[in-house]
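Participant: Sharing a structure below in C-alpha cells format, with a few things to ask.
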Amino acid sequence: MKTFFRKSKWRFARILLAAFVFIATCCILWCIPGTEEYFGIQYGSALLKLFADASLGAAAGVISITLVTLLCGRIYCSVICPLGIMQDILLIRRKKNSFIRWTGKFKYPFFLLCIAALLAGVMLPLTLFVPSANFVQIVNFVFREILQWTGIAAATLRPAPAAALAAWGFFILLIVLVRWKGRIYCNTLCPVGTLLGIFSRFSWFKIRIKQEKCISCGACERSCKAGCIDAKNKEVKFENCVMCMNCLDSCKLDALHFTHDRIKPAEHSPGRRDFLIGGTTLLGAAAIGGLGGGMLRKSSKSQAVMPPGAGTYDRFAVTCLGCGLCISSCKGKVLQPAVGQYGLRGFMQPFLDFEKGACQFDCKRCMEVCPCGALQKMTLPEKQQHRIGIATYHPQRCVAYLEDMDCGACSEHCPVGALDMVPYKNTLIPKVNEKLCIGCGACQNICPVLPVKAITVSGVSPQIKVEKPKIEKSQKLEAEEDFPF
Amino acid sequence: MDRRNFLKTTAVLAALGAVSKITGSLQAAAPAKKKTASGAPDIVVIRNGEPAEMFETLIKELGGMQKFVKPGQSVVIKPNIAWNQPPEMAANTHPELVAAVIRHCKAAGASKIYVFDTTCNFWKDTYQSSGIAEAAEKAGAIVVGGDSEKDPEYLKEYYSEVTIPNAKVLKKMMHHNLIRQCDVFINIPVLKVHGGAKLTCCMKNLMGTVSKGYQKYFHKHGLNQCIAECCSFRKPDLNIVDAYRVMTKRGPRGVDQSDVKLLRYQMGGTDMVALDTAGAKMLNVPLRRIGHIAIARSIGLGTTDLNSLNIKRINLNPGKK
C-alpha cells in the first residue's frame with residue numbers, strides 16, 4: 001500500500017497541476033480580459049519572441065522551461081502546454097496503447113521542414129503546428145463558435161470561412177489522432193515537442209526500467225499514451241515521454257522508476273541517425289523551397305494593413321505565429337485572420353479588416369498580448385502617431401461628391417484630424433492630409449457608401465511615425481466678449 | 001368682466017401693441033440683443049458661471065423644473081456621450097450639467113430618470129471617459145447603454161423600427177424605445193462644430209436616439225433632411241445647450257486642446273430650431289451653411305428668427321469679461 005501511494009502521487013500531482021493550469025488558461029482566453037500576456041511563457045512563442053526582440057521575459061521563459069526539461073523531462077508537455085492537457089482530456093476513457101516504432105522516422109524531418117521554412121521566410125508550418133498557437137485558434141474559432149450555437153455567449157469573432165475551417169480541421173485531426181494513437185501529435189507533428197524531446201534525451205531524472213525486475217508483461221506499454229515504452233525490449237524512448245506518469249502506477253512489479261540512477265547505459269539511439277538523414281535531405285529541400293517560396297509570398301497588389309508594431313511585411317511574416325491572441329483581444333474588433341491577404345505564407349496572421357471595425361485610437365492591446373514579439377510594444381502616444389496604413393479618397397463613389405449632399409462621416413470619426421473638409425459645389429468633401437493619417441480605418445469603417453467604401457485604407461510597409469497634428473489658433477468668437485444675439 | 005372693463009382692457013392692449021410695434025421697428029436697425037425680455041422667455045441664455053450654477057438660474061428663469069416634470073413621471077435625458085474623450089475636450093456634454101438636470105428632475109418628483117446615447121465610439125468607453133455615467137449614477141439616474149454596432153443583442157432589445165409620418169427621405173428608423181415610453185424627454189446637447197452637419201446642437205444631438213445602422217442611412221441619403229425628419233418624430237420637452245466649453249474646429253470629435261474654447265455659456269428653451277440658430281451665432285457658423293436648420297424651419301419645427309423671440313440674457317458675473 002505504501003509503495004502504491006508513493007508512486008501514484010506523481011501522477012496525482014501531474015493531473016492536479018494540469019487541471020489547474022488548463023482551467024486558468026481557458027479563463028485567461030475567455031473570461032478574464034487583460035491576462036492574455038500569460039501566453040508569452042509558452043515555449044514555442046517565447047522562443048520566437050527571443051529571436052524577434054531578445055527580451056528578458058522571453059529569455060527567462062525559454063531558459064526555465066529548457067532547464068526543467070533537462071532536469072526531469074518534458075513536464076511542460078503535460079502540465080503547461082494547453083494543447084497537451086486538452087489531448088489528455090480527449091484521452092479520458094481510452095485504455096489501450098502500444099509502442100509506436102515509426103515516430104522517429106517522421107518527427108525530425110518534419111521539425112526540420114518547419115525550421116527550414118521559417119529560414120526561407122515562411123511561418124506557415126509553425127502557425128499550423130505550434131501547440132499554444134493552435135490552442136488559441138481552437139478556442140477562438142471552434143469553442144467560441146460552439147458556445148454561440150448553444151446561445152450561452154454572443155458571437156464575437158467572425159473569421160473568414162477558410163480560417164475557421166483551418167481551426168476546425170485541426171481540431172478534428174487532433175481528436176482523430178488522439179483517439180487513434182494517443183499523444184502521437186506531440187511526438188510527430190509538434191515542433192515544440194520535438195525540440196523538448198531533444199533536450200529530454202539528456203535529462204537527469206528519467207523514467208527507467210529495472211531490467212532484472214521487468215518480465216515484459218506490457219502493462220506499462222498499454223498505459224503509455226505517448227507510445228514510448230517498448231516492453232519487449234525493456235526500453236523507454238524518453239524523448240517521446242510526456243511525463244504523464246501513468247506507467248509508474250501500471251507496473252505491479254515495481255520495475256519502473258522515475259529516477260536519476262542510471263540503471264542501464266544508454267544505447268545507440270536510432271533517433272540520431274534519423275535526425276541527421278532527415279536534416280541533410282530537408283535542408284536541401286528547403287534551399288529549393290526557399291527559391292520557390294515566392295509563390296507563397298504576398299502579391300505586390302495586396303496592401304493588407306498589419307497591426308501596429310509589425311514593422312515591415314517581411315519582418316511580420318517571419319515573426320508572427322498567427323495564434324490569434326490579438327484577434328480575440330482586439331477592442332475594435334478589426335483584427336481578422338488573413339487568408340490570402342499576405343499570400344499563402346501569412347495564412348492566419350492578423351490583418352485589419354475595416355469592414356468589421358476600426359483600430360481604436362486609445363487601445364494598444366494587440367501589442368501587449370502578442371506572445372511572440374511580432375508586434376513591438378510602444379507607448380500609447382507613440383502608437384497614436386504610428387502609421388499602419390494610409391487613407392485614399394475615391395470621389396467617384398462619395399455621396400458628397402456625386403450628389404452634392406452633406407455627409408462628412410469620415411472626417412467626423414478621424415481621431416487625428418487628417419481629413420480636412422474642403423469646399424466642393426455646395427458642400428464639403430474630405431481631403432486626406434497625408435502627413436497626419438495613421439491608417440486606423442475609422443473613416444473606412446464609418447463610410448456609408450456600399451458595397452465599396454468611398455474612402456479606403458491600405459497598408460504601409462514599413463510602418464512609420466507621422467507628424468503630430470499641428471496646433472492651430474482658432475478664430476476669435478464674438479460670444480467671448482458679450483452675448484452674440 | 002363687464003363690458004366697459006373689457007373695452008378698456010382691449011383698448012389698452014391695442015395701444016400697447018401699437019407702441020411696441022413702433023418701437024420694434026425702430027429697434028430693427030439696432031442690434032437685437034438690446035431688446036429686453038418681459039414675461040416667460042422663449043430662450044434663456046446664461047453666461048459666466050459653472051455648469052451646475054448656470055443651470056440653477058436657467059431653470060428658474062424657464063419656470064422651474066416642475067413646469068416640465070410632474071410628480072411620478074418618467075424622464076429620459078439625452079446628453080451627447082458620443083466620443084471617447086475627456087470632459088476637457090468638450091466632445092460630450094459636461095457631466096456636472098447632466099447631474100444638475102437629474103437632481104432637478106428628482107426634486108420635481110420624477111419616478112425614473114434614464115440617461116442614454118447611441119454612441120460613435122463604444123458606449124462603455126465613452127460613458128466612462130465622458131464622466132457622465134459616474135455623475136448620472138451618483139445623481140440618481142439609471143444609465144442605459146447605447147448601440148455601438150458591436151452589440152446586436154442590445155440593438156434587438158432596446159430599439160424598434162418606427163415610421164415617421166410625412167417624411168420624404170427618412171420614412172423609417174430604428175428608434176430607442178425609451179424615448180417613446182417616457183413622459184418627459186430632455187435633450188442636453190453640447191455645442192460644437194461638425195464636419196458634416198456643420199453644427200452639433202439640439203437637432204444633431206437627436207441623431208443619437210437612432211441606431212448606429214440608421215445613422216449611416218442618414219449620411220447616405222442626405223444628412224440634413226434626415227436630421228430634420230428625425231427631430232419631427234418626438235420633439236424634446238426641454239432643450240438645454242451646454243456651451244461651457246465649445247469645440248470651434250475639427251469637430252465633432254476634436255483632436256487636441258486647441259480645438260476647444262472655454263466660453264461659459266448655457267442656453268435653454270423648448271424650440272430646438274431657435275436654439276440651434278442661437279448656437280450657430282455663438283460659434284459664428286453662417287446659418288445658410290447649416291442645412292438641417294433651414295429644413296427644420298420649413299417643415300415647421302421652429303423658428304430661426306431670433307428677433308421674434310423673447311430672449312432672456314443673464315450674466316452671472318458681469319465683472320468678468
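We name chains A, B, ... following the order of the C-alpha cells; residues begin at 1 in each chain, and ligands are numbered from 1 as shown.
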Quick one: residues within 7 Å of Glu467 (chain A), only C-alpha atoms counted, chain neighbours fewer than 6 positions away excluded, as a PyMOL selection string?
Facilitator: chain A and resi 385+435-436
Participant: Residues of region 202-245 of chain B classed as helix (DSSP H, G or I) by DSSP on the backbone are to be reported as a list in words.
Facilitator: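 Matching residues, listed in order: Cys202, Met203, Lys204, Asn205, Leu206, Met207, Gly208, Thr209, Lys212, Gly213, Tyr214, Gln215, Lys216, Tyr217, Phe218, His219, Lys220, Leu223, Asn224, Gln225, Cys226, Ile227, Ala228, Glu229, Cys230, Cys231, Ser232 and Phe233 of chain B.
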Participant: Residues of the last selection are to be written out with N, CA and C atoms, as an mmCIF file, in the first residue's frame.
Facilitator:
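Result file follows (result-v1.cif):
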data_model
loop_
_atom_site.group_PDB
_atom_site.id
_atom_site.type_symbol
_atom_site.label_atom_id
_atom_site.label_comp_id
_atom_site.auth_asym_id
_atom_site.auth_seq_id
_atom_site.Cartn_x
_atom_site.Cartn_y
_atom_site.Cartn_z
ATOM 1 N N CYS B 202 -28.966 71.055 -30.655
ATOM 2 C CA CYS B 202 -30.131 70.262 -30.254
ATOM 3 C C CYS B 202 -30.514 69.203 -31.281
ATOM 4 N N MET B 203 -30.606 69.601 -32.560
ATOM 5 C CA MET B 203 -31.155 68.687 -33.559
ATOM 6 C C MET B 203 -30.188 67.576 -33.894
ATOM 7 N N LYS B 204 -28.916 67.940 -34.082
ATOM 8 C CA LYS B 204 -27.931 66.908 -34.418
ATOM 9 C C LYS B 204 -27.818 65.908 -33.265
ATOM 10 N N ASN B 205 -27.996 66.373 -32.054
ATOM 11 C CA ASN B 205 -27.896 65.506 -30.886
ATOM 12 C C ASN B 205 -28.981 64.425 -30.896
ATOM 13 N N LEU B 206 -30.133 64.748 -31.483
ATOM 14 C CA LEU B 206 -31.222 63.765 -31.507
ATOM 15 C C LEU B 206 -30.925 62.593 -32.438
ATOM 16 N N MET B 207 -29.904 62.753 -33.278
ATOM 17 C CA MET B 207 -29.488 61.634 -34.120
ATOM 18 C C MET B 207 -29.035 60.474 -33.234
ATOM 19 N N GLY B 208 -28.685 60.799 -32.020
ATOM 20 C CA GLY B 208 -28.268 59.775 -31.068
ATOM 21 C C GLY B 208 -29.412 58.974 -30.475
ATOM 22 N N THR B 209 -30.641 59.227 -30.912
ATOM 23 C CA THR B 209 -31.748 58.369 -30.454
ATOM 24 C C THR B 209 -31.976 57.244 -31.448
ATOM 25 N N LYS B 212 -27.193 52.842 -34.679
ATOM 26 C CA LYS B 212 -25.960 53.115 -35.429
ATOM 27 C C LYS B 212 -26.153 52.839 -36.929
ATOM 28 N N GLY B 213 -26.828 51.751 -37.226
ATOM 29 C CA GLY B 213 -27.050 51.394 -38.628
ATOM 30 C C GLY B 213 -27.836 52.477 -39.352
ATOM 31 N N TYR B 214 -28.826 53.038 -38.686
ATOM 32 C CA TYR B 214 -29.623 54.084 -39.321
ATOM 33 C C TYR B 214 -28.882 55.416 -39.381
ATOM 34 N N GLN B 215 -27.915 55.586 -38.489
ATOM 35 C CA GLN B 215 -27.107 56.806 -38.596
ATOM 36 C C GLN B 215 -26.345 56.801 -39.912
ATOM 37 N N LYS B 216 -25.916 55.615 -40.344
ATOM 38 C CA LYS B 216 -25.251 55.514 -41.647
ATOM 39 C C LYS B 216 -26.240 55.849 -42.766
ATOM 40 N N TYR B 217 -27.468 55.414 -42.584
ATOM 41 C CA TYR B 217 -28.516 55.711 -43.566
ATOM 42 C C TYR B 217 -28.671 57.229 -43.723
ATOM 43 N N PHE B 218 -28.612 57.924 -42.583
ATOM 44 C CA PHE B 218 -28.693 59.393 -42.594
ATOM 45 C C PHE B 218 -27.631 59.963 -43.537
ATOM 46 N N HIS B 219 -26.388 59.504 -43.305
ATOM 47 C CA HIS B 219 -25.272 60.051 -44.078
ATOM 48 C C HIS B 219 -25.406 59.743 -45.563
ATOM 49 N N LYS B 220 -25.969 58.590 -45.852
ATOM 50 C CA LYS B 220 -26.028 58.148 -47.236
ATOM 51 C C LYS B 220 -27.150 58.842 -48.005
ATOM 52 N N LEU B 223 -27.926 63.880 -45.056
ATOM 53 C CA LEU B 223 -27.814 64.059 -43.620
ATOM 54 C C LEU B 223 -28.800 65.091 -43.094
ATOM 55 N N ASN B 224 -28.863 66.245 -43.771
ATOM 56 C CA ASN B 224 -29.658 67.349 -43.237
ATOM 57 C C ASN B 224 -31.146 67.039 -43.235
ATOM 58 N N GLN B 225 -31.629 66.487 -44.352
ATOM 59 C CA GLN B 225 -33.047 66.138 -44.453
ATOM 60 C C GLN B 225 -33.402 65.116 -43.361
ATOM 61 N N CYS B 226 -32.551 64.127 -43.197
ATOM 62 C CA CYS B 226 -32.825 63.073 -42.227
ATOM 63 C C CYS B 226 -32.816 63.596 -40.798
ATOM 64 N N ILE B 227 -31.865 64.492 -40.502
ATOM 65 C CA ILE B 227 -31.817 65.037 -39.135
ATOM 66 C C ILE B 227 -33.129 65.755 -38.836
ATOM 67 N N ALA B 228 -33.556 66.586 -39.769
ATOM 68 C CA ALA B 228 -34.783 67.363 -39.545
ATOM 69 C C ALA B 228 -35.979 66.432 -39.386
ATOM 70 N N GLU B 229 -36.045 65.388 -40.224
ATOM 71 C CA GLU B 229 -37.200 64.491 -40.146
ATOM 72 C C GLU B 229 -37.171 63.638 -38.880
ATOM 73 N N CYS B 230 -35.971 63.275 -38.477
ATOM 74 C CA CYS B 230 -35.820 62.523 -37.232
ATOM 75 C C CYS B 230 -36.310 63.359 -36.057
ATOM 76 N N CYS B 231 -35.989 64.663 -36.084
ATOM 77 C CA CYS B 231 -36.393 65.547 -34.986
ATOM 78 C C CYS B 231 -37.899 65.754 -34.946
ATOM 79 N N SER B 232 -38.559 65.567 -36.103
ATOM 80 C CA SER B 232 -40.005 65.787 -36.127
ATOM 81 C C SER B 232 -40.751 64.633 -35.459
ATOM 82 N N PHE B 233 -40.079 63.528 -35.219
ATOM 83 C CA PHE B 233 -40.764 62.355 -34.675
ATOM 84 C C PHE B 233 -41.181 62.551 -33.225
#
Participant: May I ask you to extract the residues of chain A within 9 Å of chain B, using only C-alpha atoms, and to give them as a CSV table (one decimal) with N, CA, C and O atoms, in the first residue's frame?
Facilitator:
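The result, stored in part-v4.csv:
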chain,number,residue,atom,x,y,z
A,154,ALA,N,-22.7,35.5,-26.9
A,154,ALA,CA,-22.9,36.2,-28.2
A,154,ALA,C,-21.7,36.0,-29.1
A,154,ALA,O,-20.6,35.8,-28.7
A,156,THR,N,-18.7,36.8,-31.2
A,156,THR,CA,-17.8,37.9,-31.2
A,156,THR,C,-16.9,38.0,-32.3
A,156,THR,O,-16.7,39.0,-32.9
A,332,GLY,N,-11.4,47.0,-31.0
A,332,GLY,CA,-12.1,47.5,-32.1
A,332,GLY,C,-12.7,46.4,-33.0
A,332,GLY,O,-13.4,46.7,-34.0
A,333,LYS,N,-12.5,45.2,-32.7
A,333,LYS,CA,-12.9,44.0,-33.4
A,333,LYS,C,-12.6,44.1,-34.9
A,333,LYS,O,-13.3,43.7,-35.8
A,357,GLY,N,-14.5,46.7,-38.4
A,357,GLY,CA,-14.3,47.6,-37.3
A,357,GLY,C,-13.2,48.6,-37.6
A,357,GLY,O,-12.8,48.7,-38.8
A,360,GLN,N,-8.9,51.1,-32.6
A,360,GLN,CA,-9.3,52.1,-31.6
A,360,GLN,C,-8.1,53.0,-31.2
A,360,GLN,O,-7.1,52.5,-30.9
A,362,ASP,N,-7.3,54.8,-28.6
A,362,ASP,CA,-6.6,54.7,-27.3
A,362,ASP,C,-6.5,53.3,-26.8
A,362,ASP,O,-6.8,53.0,-25.7
A,399,VAL,N,-20.9,60.1,-51.7
A,399,VAL,CA,-22.2,60.7,-51.8
A,399,VAL,C,-22.1,62.2,-51.8
A,399,VAL,O,-22.9,62.9,-52.5
A,400,ALA,N,-21.1,62.8,-51.1
A,400,ALA,CA,-21.0,64.2,-51.1
A,400,ALA,C,-20.6,64.8,-52.4
A,400,ALA,O,-21.1,65.7,-52.9
A,403,GLU,N,-23.6,63.5,-55.2
A,403,GLU,CA,-25.0,64.0,-55.1
A,403,GLU,C,-25.1,65.4,-54.4
A,403,GLU,O,-26.1,65.8,-54.0
A,405,MET,N,-24.4,66.3,-51.4
A,405,MET,CA,-25.0,66.2,-50.1
A,405,MET,C,-24.0,66.4,-49.0
A,405,MET,O,-22.9,65.9,-49.2
A,406,ASP,N,-24.4,66.9,-47.9
A,406,ASP,CA,-23.5,67.0,-46.7
A,406,ASP,C,-23.4,65.6,-46.2
A,406,ASP,O,-24.4,64.9,-46.0
A,407,CYS,N,-22.2,65.1,-45.9
A,407,CYS,CA,-22.0,63.9,-45.2
A,407,CYS,C,-21.0,64.0,-44.1
A,407,CYS,O,-21.3,64.2,-43.0
A,408,GLY,N,-19.7,63.9,-44.5
A,408,GLY,CA,-18.6,64.2,-43.6
A,408,GLY,C,-18.4,63.1,-42.5
A,408,GLY,O,-17.7,63.4,-41.5
A,409,ALA,N,-19.0,61.9,-42.7
A,409,ALA,CA,-18.9,60.9,-41.6
A,409,ALA,C,-17.4,60.5,-41.4
A,409,ALA,O,-17.0,60.3,-40.3
A,410,CYS,N,-16.6,60.5,-42.5
A,410,CYS,CA,-15.2,60.1,-42.4
A,410,CYS,C,-14.4,61.1,-41.6
A,410,CYS,O,-13.7,60.7,-40.6
A,411,SER,N,-14.6,62.3,-41.9
A,411,SER,CA,-13.9,63.4,-41.2
A,411,SER,C,-14.3,63.5,-39.7
A,411,SER,O,-13.4,63.7,-38.9
A,412,GLU,N,-15.6,63.2,-39.5
A,412,GLU,CA,-16.1,63.2,-38.2
A,412,GLU,C,-15.4,62.2,-37.3
A,412,GLU,O,-15.1,62.5,-36.1
A,413,HIS,N,-15.1,61.0,-37.8
A,413,HIS,CA,-14.6,60.0,-37.0
A,413,HIS,C,-13.0,59.9,-36.9
A,413,HIS,O,-12.5,59.2,-36.2
A,414,CYS,N,-12.4,60.8,-37.7
A,414,CYS,CA,-10.9,60.7,-37.8
A,414,CYS,C,-10.3,61.2,-36.4
A,414,CYS,O,-10.6,62.4,-36.1
A,415,PRO,N,-9.6,60.4,-35.8
A,415,PRO,CA,-9.1,60.8,-34.4
A,415,PRO,C,-7.9,61.8,-34.5
A,415,PRO,O,-7.6,62.4,-33.5
A,416,VAL,N,-7.2,61.9,-35.7
A,416,VAL,CA,-6.0,62.8,-35.8
A,416,VAL,C,-6.3,64.0,-36.6
A,416,VAL,O,-5.4,64.8,-36.9
A,417,GLY,N,-7.5,64.2,-37.1
A,417,GLY,CA,-7.8,65.3,-37.9
A,417,GLY,C,-7.1,65.3,-39.2
A,417,GLY,O,-6.7,66.4,-39.7
A,420,ASP,N,-9.4,66.9,-43.9
A,420,ASP,CA,-9.9,68.2,-43.9
A,420,ASP,C,-11.1,68.2,-44.8
A,420,ASP,O,-11.1,67.6,-45.9
A,421,MET,N,-12.1,69.0,-44.4
A,421,MET,CA,-13.3,69.1,-45.3
A,421,MET,C,-13.1,70.4,-46.2
A,421,MET,O,-13.0,71.5,-45.7
A,426,ASN,N,-21.8,72.9,-53.5
A,426,ASN,CA,-22.5,73.4,-52.3
A,426,ASN,C,-22.1,72.8,-51.0
A,426,ASN,O,-22.7,73.1,-49.9
A,427,THR,N,-21.3,71.8,-51.1
A,427,THR,CA,-21.0,71.1,-49.8
A,427,THR,C,-19.5,71.0,-49.6
A,427,THR,O,-18.7,71.7,-50.2
A,428,LEU,N,-19.1,70.1,-48.7
A,428,LEU,CA,-17.7,69.9,-48.4
A,428,LEU,C,-17.3,68.4,-48.7
A,428,LEU,O,-18.1,67.6,-48.4
A,429,ILE,N,-16.1,68.2,-49.2
A,429,ILE,CA,-15.7,66.8,-49.4
A,429,ILE,C,-14.4,66.7,-48.6
A,429,ILE,O,-13.6,67.6,-48.4
A,446,ILE,N,-16.7,53.8,-41.1
A,446,ILE,CA,-18.0,54.6,-40.9
A,446,ILE,C,-18.6,55.0,-42.3
A,446,ILE,O,-19.8,55.3,-42.3
A,447,CYS,N,-17.8,55.0,-43.3
A,447,CYS,CA,-18.3,55.5,-44.6
A,447,CYS,C,-19.6,54.8,-45.0
A,447,CYS,O,-19.6,53.5,-45.0
A,448,PRO,N,-20.7,55.5,-45.3
A,448,PRO,CA,-22.0,54.9,-45.6
A,448,PRO,C,-22.1,54.3,-46.9
A,448,PRO,O,-23.1,53.6,-47.2
A,449,VAL,N,-21.1,54.5,-47.8
A,449,VAL,CA,-21.2,54.0,-49.2
A,449,VAL,C,-21.0,52.5,-49.3
A,449,VAL,O,-20.1,52.0,-48.7
A,469,PRO,N,-0.4,66.3,-35.0
A,469,PRO,CA,-1.3,67.3,-35.6
A,469,PRO,C,-0.9,68.7,-35.2
A,469,PRO,O,-0.5,68.9,-34.0
A,471,ILE,N,-0.9,72.4,-34.0
A,471,ILE,CA,-1.8,73.2,-33.1
A,471,ILE,C,-2.1,74.5,-33.8
A,471,ILE,O,-1.2,75.4,-34.0
A,472,GLU,N,-3.4,74.7,-34.3
A,472,GLU,CA,-3.7,75.9,-35.0
A,472,GLU,C,-4.5,76.8,-34.0
A,472,GLU,O,-5.2,76.4,-33.2
A,473,LYS,N,-4.3,78.1,-34.2
A,473,LYS,CA,-5.1,79.0,-33.5
A,473,LYS,C,-6.5,79.1,-34.0
A,473,LYS,O,-6.7,79.1,-35.2
A,474,SER,N,-7.5,79.1,-33.1
A,474,SER,CA,-8.9,79.1,-33.6
A,474,SER,C,-9.3,80.6,-33.7
A,474,SER,O,-8.7,81.5,-33.0
A,475,GLN,N,-10.3,80.8,-34.4
A,475,GLN,CA,-10.8,82.2,-34.6
A,475,GLN,C,-11.4,82.7,-33.3
A,475,GLN,O,-11.9,82.0,-32.5
A,477,LEU,N,-14.2,84.4,-31.1
A,477,LEU,CA,-15.7,84.4,-31.2
A,477,LEU,C,-16.2,85.7,-30.5
A,477,LEU,O,-15.7,86.1,-29.5
A,478,GLU,N,-17.3,86.2,-31.1
A,478,GLU,CA,-18.0,87.3,-30.6
A,478,GLU,C,-18.5,87.0,-29.2
A,478,GLU,O,-18.5,87.9,-28.3
A,479,ALA,N,-18.9,85.8,-29.0
A,479,ALA,CA,-19.5,85.3,-27.8
A,479,ALA,C,-18.6,85.5,-26.6
A,479,ALA,O,-19.0,85.5,-25.4
A,480,GLU,N,-17.2,85.5,-26.9
A,480,GLU,CA,-16.3,85.6,-25.8
A,480,GLU,C,-16.4,87.0,-25.1
A,480,GLU,O,-16.0,87.2,-23.9
A,481,GLU,N,-16.9,88.0,-25.9
A,481,GLU,CA,-17.0,89.4,-25.4
A,481,GLU,C,-18.3,89.6,-24.7
A,481,GLU,O,-18.4,90.1,-23.6
A,482,ASP,N,-19.4,89.3,-25.5
A,482,ASP,CA,-20.7,89.6,-25.0
A,482,ASP,C,-21.7,88.6,-25.6
A,482,ASP,O,-21.3,87.9,-26.5
A,483,PHE,N,-23.0,88.7,-25.2
A,483,PHE,CA,-24.0,87.8,-25.8
A,483,PHE,C,-24.0,88.1,-27.3
A,483,PHE,O,-24.1,89.3,-27.8
A,484,PRO,N,-23.9,87.1,-28.2
A,484,PRO,CA,-23.8,87.3,-29.6
A,484,PRO,C,-25.1,87.6,-30.3
A,484,PRO,O,-25.2,87.8,-31.5
A,485,PHE,N,-26.2,87.4,-29.6
A,485,PHE,CA,-27.5,87.6,-30.2
A,485,PHE,C,-28.5,88.2,-29.2
A,485,PHE,O,-28.2,88.2,-28.0
Participant: Neighbouring residues of Phe129 (chain A) were defined as those with any atom within 10 Å, considering only C-alpha atoms; residues of the same chain fewer than 6 positions away were excluded. Please report them as a PyMOL selection string.
Facilitator: chain A and resi 114+135+170+185-186+189-192+321
Participant: Near Ala310 (chain A), within 6 Å and counting only C-alpha atoms, which residues show up once chain neighbours fewer than 3 positions away are dropped, as a PyMOL selection string?
Facilitator: chain A and resi 307+316+374-375
Participant: From the DSSP assignment of the backbone, select every residue of region 99-266 of chain A that is strand (DSSP E), and format the answer as a VMD selection string.
Facilitator: chain A and resid 206 to 209 229 to 230 235 to 236 256 to 259
Participant: Convert the current residue selection to file output with N, CA and C atoms, as a compact mmCIF listing (two decimals), in the first residue's frame.
Facilitator:
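Result file is selection-v8.txt:
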# COMPACT_ATOMS: atom_id res chain seq x y z
N LYS A 206 14.87 10.42 -15.20
CA LYS A 206 14.17 9.81 -16.32
C LYS A 206 13.29 8.69 -15.79
N ILE A 207 12.34 8.28 -16.60
CA ILE A 207 11.60 7.05 -16.30
C ILE A 207 12.48 5.91 -16.79
N ARG A 208 12.83 5.01 -15.90
CA ARG A 208 13.75 3.94 -16.29
C ARG A 208 13.18 2.58 -15.87
N ILE A 209 13.53 1.53 -16.64
CA ILE A 209 13.06 0.17 -16.35
C ILE A 209 14.18 -0.61 -15.68
N ILE A 229 7.10 3.38 -24.56
CA ILE A 229 7.69 2.25 -23.84
C ILE A 229 7.64 1.00 -24.72
N ASP A 230 8.82 0.43 -24.89
CA ASP A 230 8.92 -0.82 -25.63
C ASP A 230 9.12 -1.93 -24.59
N GLU A 235 12.68 -1.06 -22.92
CA GLU A 235 13.26 0.26 -23.21
C GLU A 235 12.21 1.37 -23.05
N VAL A 236 12.68 2.51 -22.60
CA VAL A 236 11.82 3.70 -22.62
C VAL A 236 12.47 4.70 -23.58
N LEU A 256 9.44 0.03 -12.80
CA LEU A 256 9.58 1.35 -13.41
C LEU A 256 9.85 2.39 -12.34
N HIS A 257 10.82 3.22 -12.61
CA HIS A 257 11.16 4.24 -11.62
C HIS A 257 11.42 5.57 -12.30
N PHE A 258 11.02 6.63 -11.59
CA PHE A 258 11.37 7.97 -12.06
C PHE A 258 12.59 8.36 -11.25
N THR A 259 13.74 8.22 -11.84
CA THR A 259 14.95 8.31 -11.03
C THR A 259 16.13 8.84 -11.83
Participant: Could you tell me how far CA of Thr392 (chain A) sits from CA of Ile455 (chain A), in Å to one decimal place?
Facilitator: 5.6 Å
Participant: For a test of reading the model, state the distance in Å between CA of Cys77 (chain A) and CA of Met243 (chain A), rounded to one decimal.
Facilitator: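 CA of Met243 (chain A) lies 7.6 Å from CA of Cys77 (chain A).
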Participant: Taking 3 positions as the minimum chain separation for residues in the same chain, which residues sit within 10 Å of Gly441 (chain A) when counting only C-alpha atoms? Answer as a list in words.
Facilitator: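 The residues that qualify are Val305, Val334, Leu352, Asp353, Phe354, Glu355, Gly357, Ala358, Cys359, Gln360, Ile388, Gly389, Ile390, Ala391, Cys410, His413, Cys414, Cys437, Ile438, Gln444, Asn445, Ile446, Cys447, Ile455, Thr456, Val457 and Ser458 of chain A.
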Participant: Would you mind exporting the chosen residues as a PDB file, in the first residue's frame, restricted to C-alpha atoms?
Facilitator:
ATOM      1  CA  VAL A 305      -2.917  46.562 -43.159  1.00  0.00           C
ATOM      2  CA  VAL A 334     -10.968  44.942 -36.502  1.00  0.00           C
ATOM      3  CA  LEU A 352      -7.107  44.834 -40.129  1.00  0.00           C
ATOM      4  CA  ASP A 353     -10.481  44.371 -41.753  1.00  0.00           C
ATOM      5  CA  PHE A 354     -12.085  47.804 -41.753  1.00  0.00           C
ATOM      6  CA  GLU A 355     -15.417  46.457 -42.866  1.00  0.00           C
ATOM      7  CA  GLY A 357     -14.296  47.583 -37.262  1.00  0.00           C
ATOM      8  CA  ALA A 358     -11.606  50.204 -36.830  1.00  0.00           C
ATOM      9  CA  CYS A 359      -8.410  50.374 -34.821  1.00  0.00           C
ATOM     10  CA  GLN A 360      -9.329  52.138 -31.581  1.00  0.00           C
ATOM     11  CA  ILE A 388      -0.099  51.402 -40.128  1.00  0.00           C
ATOM     12  CA  GLY A 389      -1.836  52.475 -43.319  1.00  0.00           C
ATOM     13  CA  ILE A 390      -2.963  55.441 -45.309  1.00  0.00           C
ATOM     14  CA  ALA A 391      -6.392  56.539 -46.449  1.00  0.00           C
ATOM     15  CA  CYS A 410     -15.235  60.062 -42.369  1.00  0.00           C
ATOM     16  CA  HIS A 413     -14.568  59.963 -36.975  1.00  0.00           C
ATOM     17  CA  CYS A 414     -10.932  60.747 -37.767  1.00  0.00           C
ATOM     18  CA  CYS A 437      -3.089  59.924 -41.421  1.00  0.00           C
ATOM     19  CA  ILE A 438      -2.216  56.897 -39.281  1.00  0.00           C
ATOM     20  CA  GLN A 444     -13.462  53.488 -43.981  1.00  0.00           C
ATOM     21  CA  ASN A 445     -15.436  51.765 -41.266  1.00  0.00           C
ATOM     22  CA  ILE A 446     -17.996  54.567 -40.938  1.00  0.00           C
ATOM     23  CA  CYS A 447     -18.308  55.493 -44.629  1.00  0.00           C
ATOM     24  CA  ILE A 455     -12.570  56.102 -48.558  1.00  0.00           C
ATOM     25  CA  THR A 456     -10.278  53.126 -48.174  1.00  0.00           C
ATOM     26  CA  VAL A 457      -7.161  52.456 -46.154  1.00  0.00           C
ATOM     27  CA  SER A 458      -4.234  50.464 -47.494  1.00  0.00           C
TER      28      SER A 458
END
